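What follows is the content of structure_3.tsv, which has TSV, C-alpha atoms:
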chain	number	residue	atom	x	y	z
A	15	MET	CA	-23.12	87.69	95.27
A	16	ARG	CA	-21.93	89.69	92.28
A	17	VAL	CA	-24.67	91.94	90.88
A	18	LYS	CA	-24.42	93.39	87.36
A	19	TYR	CA	-26.54	96.06	85.68
A	20	PHE	CA	-26.87	96.83	81.99
A	21	ALA	CA	-28.26	99.55	79.72
A	22	TRP	CA	-30.71	101.97	81.39
A	23	VAL	CA	-30.81	99.93	84.57
A	24	ARG	CA	-27.04	100.51	84.87
A	25	GLU	CA	-27.39	104.21	84.09
A	26	ARG	CA	-30.20	104.79	86.60
A	27	ILE	CA	-28.47	102.89	89.39
A	28	GLY	CA	-25.18	104.54	88.50
A	29	LEU	CA	-23.13	101.34	88.79
A	30	ALA	CA	-22.10	98.60	86.38
A	31	GLU	CA	-21.64	96.05	89.15
A	32	GLU	CA	-21.35	95.61	92.88
A	33	VAL	CA	-21.19	92.85	95.48
A	34	LEU	CA	-24.26	92.46	97.70
A	35	ASP	CA	-25.34	90.00	100.34
A	36	PRO	CA	-29.14	89.76	100.29
A	37	PRO	CA	-30.90	88.73	103.52
A	38	ALA	CA	-32.20	85.20	103.94
A	39	GLU	CA	-35.83	86.14	103.25
A	40	VAL	CA	-34.87	87.04	99.66
A	41	VAL	CA	-35.64	83.69	98.03
A	42	THR	CA	-36.61	84.33	94.40
A	43	VAL	CA	-35.46	86.60	91.57
A	44	GLY	CA	-38.58	88.68	92.15
A	45	ASP	CA	-37.77	88.97	95.86
A	46	PHE	CA	-34.28	90.17	94.94
A	47	VAL	CA	-35.57	92.88	92.58
A	48	GLY	CA	-38.05	94.00	95.26
A	49	TRP	CA	-35.34	94.04	97.94
A	50	LEU	CA	-32.99	96.10	95.75
A	51	ALA	CA	-35.75	98.65	95.15
A	52	THR	CA	-35.99	99.27	98.91
A	53	ARG	CA	-32.29	100.16	99.28
A	54	ASP	CA	-32.69	103.84	98.39
A	55	GLU	CA	-34.46	106.24	96.02
A	56	THR	CA	-31.99	105.63	93.20
A	57	TYR	CA	-32.70	101.90	93.19
A	58	ALA	CA	-36.40	102.53	93.65
A	59	HIS	CA	-36.46	104.75	90.57
A	60	ALA	CA	-34.42	102.32	88.45
A	61	LEU	CA	-36.67	99.41	89.41
A	62	GLU	CA	-40.01	101.23	89.64
A	63	ARG	CA	-41.50	98.85	87.04
A	64	PRO	CA	-40.18	95.47	88.20
A	65	GLU	CA	-42.27	93.65	85.57
A	66	VAL	CA	-40.04	95.00	82.75
A	67	ILE	CA	-36.77	94.06	84.48
A	68	ARG	CA	-35.15	90.97	83.00
A	69	VAL	CA	-32.82	88.91	85.15
A	70	ALA	CA	-30.06	86.40	84.49
A	71	LEU	CA	-28.64	84.02	87.10
A	72	ASP	CA	-25.08	82.98	86.30
A	73	GLN	CA	-25.58	84.31	82.76
A	74	ARG	CA	-28.79	82.37	82.02
A	75	HIS	CA	-32.22	83.97	81.70
A	76	ALA	CA	-34.26	83.45	84.88
A	77	PRO	CA	-37.99	84.12	85.45
A	78	HIS	CA	-38.91	86.19	88.51
A	79	GLY	CA	-40.19	83.09	90.31
A	80	LYS	CA	-36.88	81.24	90.16
A	81	PRO	CA	-34.94	80.77	93.42
A	82	ILE	CA	-31.59	82.61	93.54
A	83	ALA	CA	-29.96	80.16	95.95
A	84	GLY	CA	-26.56	79.01	94.72
A	85	ALA	CA	-26.15	81.72	92.08
A	86	ARG	CA	-22.83	83.56	92.14
A	87	GLU	CA	-23.82	86.27	89.68
A	88	ILE	CA	-27.15	88.00	89.11
A	89	ALA	CA	-27.70	90.52	86.33
A	90	LEU	CA	-30.56	92.99	85.91
A	91	PHE	CA	-31.35	94.60	82.55
A	92	PRO	CA	-34.16	95.89	80.34
A	93	PRO	CA	-35.68	93.85	77.48
A	94	MET	CA	-33.03	93.18	74.86
A	95	THR	CA	-32.76	95.16	71.64
A	96	GLY	CA	-29.95	93.49	69.71
A	97	GLY	CA	-29.99	92.13	66.19
B	24	MET	CA	-25.39	65.14	64.85
B	25	SER	CA	-25.32	68.73	66.06
B	26	ASP	CA	-21.76	68.26	67.30
B	27	THR	CA	-20.55	67.71	63.76
B	28	VAL	CA	-22.13	70.81	62.21
B	29	PRO	CA	-19.64	73.71	61.97
B	30	LEU	CA	-20.79	76.47	64.29
B	31	THR	CA	-19.07	79.83	64.70
B	32	VAL	CA	-20.33	82.48	67.13
B	33	ARG	CA	-18.48	85.74	67.67
B	34	VAL	CA	-19.21	89.00	69.47
B	35	GLN	CA	-16.78	91.69	68.38
B	36	ALA	CA	-16.31	95.43	67.91
B	37	GLU	CA	-14.76	95.09	64.46
B	38	PRO	CA	-16.73	94.94	61.21
B	39	PHE	CA	-17.06	91.53	59.51
B	40	ASP	CA	-16.72	90.30	55.94
B	41	VAL	CA	-19.82	88.35	54.91
B	42	ALA	CA	-18.20	86.95	51.75
B	43	ALA	CA	-15.18	85.68	53.66
B	44	GLU	CA	-17.36	84.17	56.42
B	45	THR	CA	-19.55	82.48	53.78
B	46	ALA	CA	-16.48	81.05	52.04
B	47	LEU	CA	-15.34	79.53	55.34
B	48	LEU	CA	-18.62	77.57	55.49
B	49	THR	CA	-18.69	76.49	51.85
B	50	SER	CA	-15.08	76.00	50.71
B	51	GLY	CA	-14.13	72.44	49.91
B	52	ARG	CA	-17.70	71.15	50.26
B	53	THR	CA	-19.99	69.83	47.55
B	54	ASP	CA	-22.97	68.88	49.74
B	55	ILE	CA	-24.22	72.42	50.34
B	56	GLY	CA	-27.04	73.48	48.04
B	57	ALA	CA	-28.24	76.60	49.85
B	58	VAL	CA	-26.67	79.51	51.71
B	59	VAL	CA	-28.88	82.08	53.43
B	60	ALA	CA	-27.09	85.11	54.87
B	61	PHE	CA	-28.96	87.84	56.75
B	62	THR	CA	-27.11	91.05	57.55
B	63	GLY	CA	-28.64	93.67	59.84
B	64	LEU	CA	-27.47	97.25	59.22
B	65	CYS	CA	-27.63	100.43	61.28
B	66	ARG	CA	-30.29	102.78	59.85
B	67	GLY	CA	-29.64	106.52	59.72
B	68	GLU	CA	-33.26	107.39	60.60
B	69	ALA	CA	-33.40	110.16	57.95
B	70	GLY	CA	-30.24	111.86	59.18
B	71	THR	CA	-31.27	112.14	62.84
B	72	LEU	CA	-29.00	109.33	64.04
B	73	ALA	CA	-25.23	109.85	64.34
B	74	ALA	CA	-24.57	106.31	65.56
B	75	LEU	CA	-25.80	103.44	67.69
B	76	GLU	CA	-23.92	102.45	70.83
B	77	LEU	CA	-24.38	98.73	71.42
B	78	GLU	CA	-23.91	97.44	74.95
B	79	HIS	CA	-23.70	93.72	75.65
B	80	TYR	CA	-23.25	91.23	78.48
B	81	PRO	CA	-19.89	89.60	77.75
B	82	GLY	CA	-20.05	85.83	78.07
B	83	MET	CA	-23.82	85.58	78.19
B	84	ALA	CA	-24.17	87.20	74.75
B	85	GLU	CA	-22.01	84.53	73.11
B	86	ALA	CA	-23.66	81.74	75.14
B	87	GLU	CA	-27.22	82.77	74.23
B	88	ILE	CA	-26.42	82.98	70.51
B	89	GLU	CA	-24.71	79.59	70.67
B	90	THR	CA	-27.66	77.99	72.47
B	91	THR	CA	-30.07	79.37	69.86
B	92	ALA	CA	-27.84	78.19	67.00
B	93	LYS	CA	-27.66	74.69	68.48
B	94	THR	CA	-31.45	74.61	68.74
B	95	ALA	CA	-31.66	75.54	65.04
B	96	ILE	CA	-29.16	72.79	64.18
B	97	GLU	CA	-31.30	70.23	66.04
B	98	ARG	CA	-34.51	71.44	64.43
B	99	TRP	CA	-33.46	71.67	60.76
B	100	PRO	CA	-30.97	69.69	58.64
B	101	LEU	CA	-28.36	72.46	58.60
B	102	LEU	CA	-24.79	71.99	57.39
B	103	GLY	CA	-23.22	75.04	59.00
B	104	VAL	CA	-24.02	78.17	61.02
B	105	THR	CA	-22.07	81.37	61.56
B	106	ALA	CA	-23.44	84.21	63.70
B	107	ILE	CA	-21.49	87.40	64.40
B	108	HIS	CA	-22.82	90.34	66.42
B	109	ARG	CA	-20.97	93.62	66.88
B	110	HIS	CA	-20.86	95.83	69.95
B	111	GLY	CA	-19.66	99.38	70.55
B	112	ARG	CA	-20.27	102.41	68.32
B	113	ILE	CA	-21.80	101.61	64.93
B	114	ALA	CA	-22.49	104.30	62.31
B	115	PRO	CA	-25.46	104.36	59.90
B	116	GLY	CA	-24.87	102.04	56.96
B	117	GLU	CA	-22.53	99.79	58.92
B	118	PRO	CA	-23.38	96.15	59.64
B	119	ILE	CA	-24.48	95.15	63.16
B	120	VAL	CA	-25.18	91.44	62.84
B	121	VAL	CA	-24.88	88.60	60.35
B	122	VAL	CA	-26.24	85.06	60.41
B	123	ILE	CA	-25.16	82.65	57.70
B	124	VAL	CA	-26.86	79.27	57.45
B	125	THR	CA	-26.06	76.50	54.99
B	126	SER	CA	-28.08	73.43	54.09
B	127	SER	CA	-28.67	71.00	51.24
B	128	HIS	CA	-31.90	72.77	50.33
B	129	ARG	CA	-33.23	76.30	50.67
B	130	ALA	CA	-36.21	75.67	52.96
B	131	ALA	CA	-34.08	74.64	55.94
B	132	ALA	CA	-31.55	77.41	55.31
B	133	PHE	CA	-34.24	80.13	55.16
B	134	ALA	CA	-36.03	78.79	58.24
B	135	GLY	CA	-32.85	78.33	60.24
B	136	ALA	CA	-31.64	81.86	59.50
B	137	GLU	CA	-35.00	83.44	60.35
B	138	PHE	CA	-35.34	81.42	63.57
B	139	LEU	CA	-31.83	82.40	64.64
B	140	MET	CA	-32.48	86.11	64.05
B	141	ASP	CA	-35.88	86.06	65.78
B	142	PHE	CA	-34.46	84.44	68.92
B	143	LEU	CA	-31.24	86.44	68.86
B	144	LYS	CA	-33.27	89.66	69.00
B	145	THR	CA	-35.31	88.60	72.03
B	146	ARG	CA	-32.79	86.48	74.00
B	147	ALA	CA	-29.24	87.67	73.29
B	148	PRO	CA	-28.24	90.36	75.84
B	149	PHE	CA	-27.56	93.38	73.63
B	150	TRP	CA	-28.99	96.89	74.05
B	151	LYS	CA	-28.97	99.72	71.52
B	152	LYS	CA	-28.60	103.35	72.50
B	153	GLU	CA	-29.24	106.04	69.89
B	154	ILE	CA	-26.62	108.78	69.57
B	155	ALA	CA	-28.47	111.71	67.96
B	156	SER	CA	-26.95	113.90	65.23
B	157	ASP	CA	-27.95	117.10	67.05
B	158	GLY	CA	-26.03	116.22	70.21
B	159	THR	CA	-29.07	115.65	72.43
B	160	PRO	CA	-28.71	112.88	75.03
B	161	GLY	CA	-29.20	109.44	73.57
B	162	ASN	CA	-32.27	107.29	74.05
B	163	TRP	CA	-32.27	103.58	74.66
B	164	VAL	CA	-34.11	101.77	71.87
B	165	ALA	CA	-37.35	100.23	73.17
B	166	ALA	CA	-38.03	96.53	72.66
B	167	HIS	CA	-40.80	95.77	70.20
B	168	ASP	CA	-43.73	93.48	70.97
B	169	ALA	CA	-43.53	92.44	67.31
B	170	ASP	CA	-40.10	90.93	67.99
B	171	ASP	CA	-41.49	88.85	70.86
B	172	GLU	CA	-44.35	87.68	68.63
B	173	ALA	CA	-41.89	86.79	65.87
B	174	ALA	CA	-39.96	84.60	68.31
B	175	ARG	CA	-43.11	83.02	69.79
B	176	ARG	CA	-44.50	81.82	66.44
B	177	TRP	CA	-41.68	79.23	66.29
B	178	GLU	CA	-43.17	77.54	69.36
B	179	ALA	CA	-46.24	76.47	67.39

Could you spell out this file's structure in structure tokens?
Amino acid sequence: MRVKYFAWVRERIGLAEEVLDPPAEVVTVGDFVGWLATRDETYAHALERPEVIRVALDQRHAPHGKPIAGAREIALFPPMTGG
Amino acid sequence: MSDTVPLTVRVQAEPFDVAAETALLTSGRTDIGAVVAFTGLCRGEAGTLAALELEHYPGMAEAEIETTAKTAIERWPLLGVTAIHRHGRIAPGEPIVVVIVTSSHRAAAFAGAEFLMDFLKTRAPFWKKEIASDGTPGNWVAAHDADDEAARRWEA
């Protein structure tokens, strides 16, 4: 699936987007964030406070308990500061 | 009903013209009795800020603003909505966002505009980074709990 990062999540991970294939045991948004954090120290640092990470599945806001099955695009970003 | 209310949502780098956008909503109509336009500007923070760099999630940014605007149109008797949000580098004094809401009467126009801004701030995927005047590395603006509370009060 296509994974996108924005704002300081993008800066800390050092990528704007990548394509990843999470293992089958990654069921929910929260599982996905936790799995990413185990990839290496860079991801672990970027996602050290998973509770502040907001996630969108196919460009719609998704709570951490939502299943990711079927999503083509997942985006991780900090709380929004527009307006 | 909501399908017939003029709705314009744009995310763009260029500045916008509030008077021209307002005229697009009101010209040729005699049923509009109230226009509320809110414009958000970039503050200079007493000279410490050179500019804001606004990042956004293309596609989702437009979709979230549109969803919020449609909710406002269902909730209040609005006659038109325009919402424009800029991205990229924005200097102090320049506009960042405008929402323009028209209605027959002022109460719906005020409420619709405030609702739209409150939800836009907490749901539309934009992030502000401060570019400091002294050349130090920029900081990402932190989200405010007060903004979340402002959005939540509409649930009551």

List every residue of chain B that has an atom at most 10 Å from any atom of chain A, giving for each one its closest atom pair and the distance in Å to one decimal, counting only C-alpha atoms, sorted by chain and then by ascending residue number, as a Markdown table.
| residue | atom | partner | partner_atom | distance |
| --- | --- | --- | --- | --- |
| B:Thr62 | CA | A:Gly97 | CA | 9.2 |
| B:Gly63 | CA | A:Gly97 | CA | 6.7 |
| B:Leu64 | CA | A:Gly97 | CA | 9.0 |
| B:Cys65 | CA | A:Gly97 | CA | 9.9 |
| B:Leu77 | CA | A:Gly96 | CA | 7.8 |
| B:Glu78 | CA | A:Ala21 | CA | 6.8 |
| B:His79 | CA | A:Phe20 | CA | 7.7 |
| B:Tyr80 | CA | A:Phe20 | CA | 7.5 |
| B:Pro81 | CA | A:Gln73 | CA | 9.2 |
| B:Gly82 | CA | A:Gln73 | CA | 7.4 |
| B:Met83 | CA | A:Gln73 | CA | 5.1 |
| B:Ala84 | CA | A:Gln73 | CA | 8.6 |
| B:Ala86 | CA | A:Gln73 | CA | 8.3 |
| B:Glu87 | CA | A:Arg74 | CA | 8.0 |
| B:Ile107 | CA | A:Gly97 | CA | 9.9 |
| B:His108 | CA | A:Gly97 | CA | 7.4 |
| B:Arg109 | CA | A:Gly97 | CA | 9.2 |
| B:His110 | CA | A:Gly96 | CA | 9.4 |
| B:Ile119 | CA | A:Gly97 | CA | 7.0 |
| B:Val120 | CA | A:Gly97 | CA | 5.9 |
| B:Val121 | CA | A:Gly97 | CA | 8.5 |
| B:Val122 | CA | A:Gly97 | CA | 9.9 |
| B:Met140 | CA | A:Gly97 | CA | 6.9 |
| B:Asp141 | CA | A:Gly97 | CA | 8.5 |
| B:Phe142 | CA | A:Gly97 | CA | 9.3 |
| B:Leu143 | CA | A:Gly97 | CA | 6.4 |
| B:Lys144 | CA | A:Gly97 | CA | 5.0 |
| B:Thr145 | CA | A:Met94 | CA | 5.8 |
| B:Arg146 | CA | A:Met94 | CA | 6.8 |
| B:Ala147 | CA | A:Met94 | CA | 6.9 |
| B:Pro148 | CA | A:Met94 | CA | 5.6 |
| B:Phe149 | CA | A:Gly96 | CA | 4.6 |
| B:Trp150 | CA | A:Thr95 | CA | 4.8 |
| B:Lys151 | CA | A:Thr95 | CA | 5.9 |
| B:Lys152 | CA | A:Ala21 | CA | 8.2 |
| B:Asn162 | CA | A:Trp22 | CA | 9.2 |
| B:Trp163 | CA | A:Trp22 | CA | 7.1 |
| B:Val164 | CA | A:Thr95 | CA | 6.8 |
| B:Ala165 | CA | A:Thr95 | CA | 7.0 |
| B:Ala166 | CA | A:Thr95 | CA | 5.5 |
| B:His167 | CA | A:Thr95 | CA | 8.2 |
| B:Asp170 | CA | A:Thr95 | CA | 9.2 |

>> Here's a test: counting all atoms listed in the file, identify every protein, DNA and RNA residue with an atom at most 12 Å from (-16.8, 75.1, 64.0) in the file's coordinate frame, and state them as a list in words.
In response: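 Answer for this query, in the requested form: Ser25, Asp26, Thr27, Val28, Pro29, Leu30, Thr31, Val32, Arg33, Glu44, Leu47, Leu48, Glu89, Ala92, Lys93, Leu102, Gly103, Val104, Thr105 and Ala106 of chain B.
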
> CA of Gly67 (chain B) and CA of Ile154 (chain B), how far apart in Å?
Replying inline: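 Separation between CA of Ile154 (chain B) and CA of Gly67 (chain B): 10.5 Å.
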
> What does the distance from CA of Leu72 (chain B) to CA of Gly28 (chain A) come to in Å, to one decimal?
Replying inline: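 According to the coordinates, CA of Leu72 (chain B) and CA of Gly28 (chain A) are separated by 25.2 Å.
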
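Computed from the coordinates, the CA of Ala85 (chain A) to CA of Leu71 (chain A) distance equals 6.0 Å.
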
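For Tyr57 (chain A), the residues within 10 Å (counting all atoms listed in the file, excluding itself and residues fewer than 6 positions away along the chain) are Val23, Arg26, Ile27, Gly28, Val47, Gly48, Trp49, Leu50 and Ala51 of chain A.
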
> Could you tell me, as a PyMOL selection string, which residues have any atom at most 12 Å from (-39.5, 87.0, 94.5), counting only C-alpha atoms?
Replying inline: chain A and resi 39-50+64-65+69+76-83

>> Measuring between all atoms listed in the file, which one of B:Thr49, B:Gly135, B:Thr91, B:Ala73 shows the shortest distance to Glu153 (chain B)?
In response: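 Closest to Glu153 (chain B) of all the choices is B:Ala73.
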
> Closest to Arg24 (chain A) among A:His59, A:Pro37, A:Arg53, A:Glu87, using all atoms listed in the file?
Replying inline: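 Residue with the minimum atom-to-atom distance to Arg24 (chain A): A:His59.
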